[in-house]
Amino acid sequence: MIDEVLPADGLLFARRDQVEVMTVAHRHRGVEFNLVADGTATYLLDRRRYHLAPGALVWLFPGQDHLLVDASPAYRDWLCVFDPAVLGIDDPSEWIRPFYLPDPPGLFVRRLGVDQAGWLDTLFRQAAAPDHPELELAARRHAILAAWQAFHLAPAATPTTVVHPAVAEAARLLRELPSVSTLPELARQVGLSPHHLSRLFARQMGTSITRFRNEQRFRRFLDVYGAGHGVTMVDAALLAGFGSYPQFHRIVRSITGTNPADYLGKHPRRAWIAGDISLSGMLP
């Protein structure tokens, strides 16, 4: 799915002190970068798993499905999503050409040094709240290009884990097919034994198959129930892949710490549809 996260002016720039972790792979209409300020997180991108620590700078492009599968409670970062058109560059050089490609080749995750990361953090703070409104666009353009330059100046080696094709396929099936309900069935479809798949999935995805499946079903429920077609909560739960309403009630409480009615009463439907609900922050 394409996350329509860009505002009308084509540039989103903010520090996130409470990260919104999505459990469904998504992409943006614009180019995205994250600079990790504190804590740790894990991205799954193109069958590679990236562990992000303070100073990590990751770039994501419009043709790339990505999934933030985990984040520590202390995780904080800078987020920027932008349409390259806002840069005002009529004839982009080879240095900046990846901004104009949906899925440029290469690995776009690097770890900045302490001085580099600190300098960017200061620059981003100035860009996020400029002294004068007239400086806002210029400051943010400069921040984007400075981040791109810092990325290229950082060491190229970034530890990654290549995710086994069967694990990547299992994650896709759990995201897209509510009918996949048992571990043996899932293992049969991806060609591994249930025991092997369970261990490999937990090691490479950083979460168990059961937890991942429950989060996908809850996300699917929010999409169905929040679509505005008058579907009941029970019907939405069944369509999302829950076997019964009691099972749905029990799992929602385990994920959110409250019952479905109370949870839904505290979160507007527009937030569900936009994908703004953080599931990882609710997990025990």
# chains A, B, ... in the order shown; residues from 1 in each chain; ligands from 1

call {"tool": "select_by_dssp", "arguments": {"residues": "stretch 34-101 of chain A", "states": "strand (DSSP E)", "output": "PyMOL selection string"}}
result
chain A and resi 34-38+41-45+48-52+56-60+66-71+76-82

call {"tool": "select_by_dssp", "arguments": {"residues": "stretch 41-145 of chain A", "states": "alpha helix (DSSP H)", "output": "PyMOL selection string"}}
result
chain A and resi 114-128+136-145

call {"tool": "closest_residue", "arguments": {"among": "A:Thr42, A:Gln64, A:Gln126, A:Thr232", "to": "A:Ala14", "atoms": "only C-alpha atoms"}}
result
A:Gln126

call {"tool": "closest_residue", "arguments": {"among": "A:Val31, A:Leu200, A:Leu222, A:Ala146", "to": "A:Asp121", "atoms": "only C-alpha atoms"}}
result
A:Ala146

call {"tool": "residues_around", "arguments": {"residues": "A:Val190", "least_positions_apart": "6", "cutoff": "10 Å", "atoms": "only C-alpha atoms", "output": "list of chain:residue names"}}
result
A:Pro165, A:Ala166, A:Val167, A:Ala168, A:Glu169, A:Ala170, A:Leu173, A:Leu197
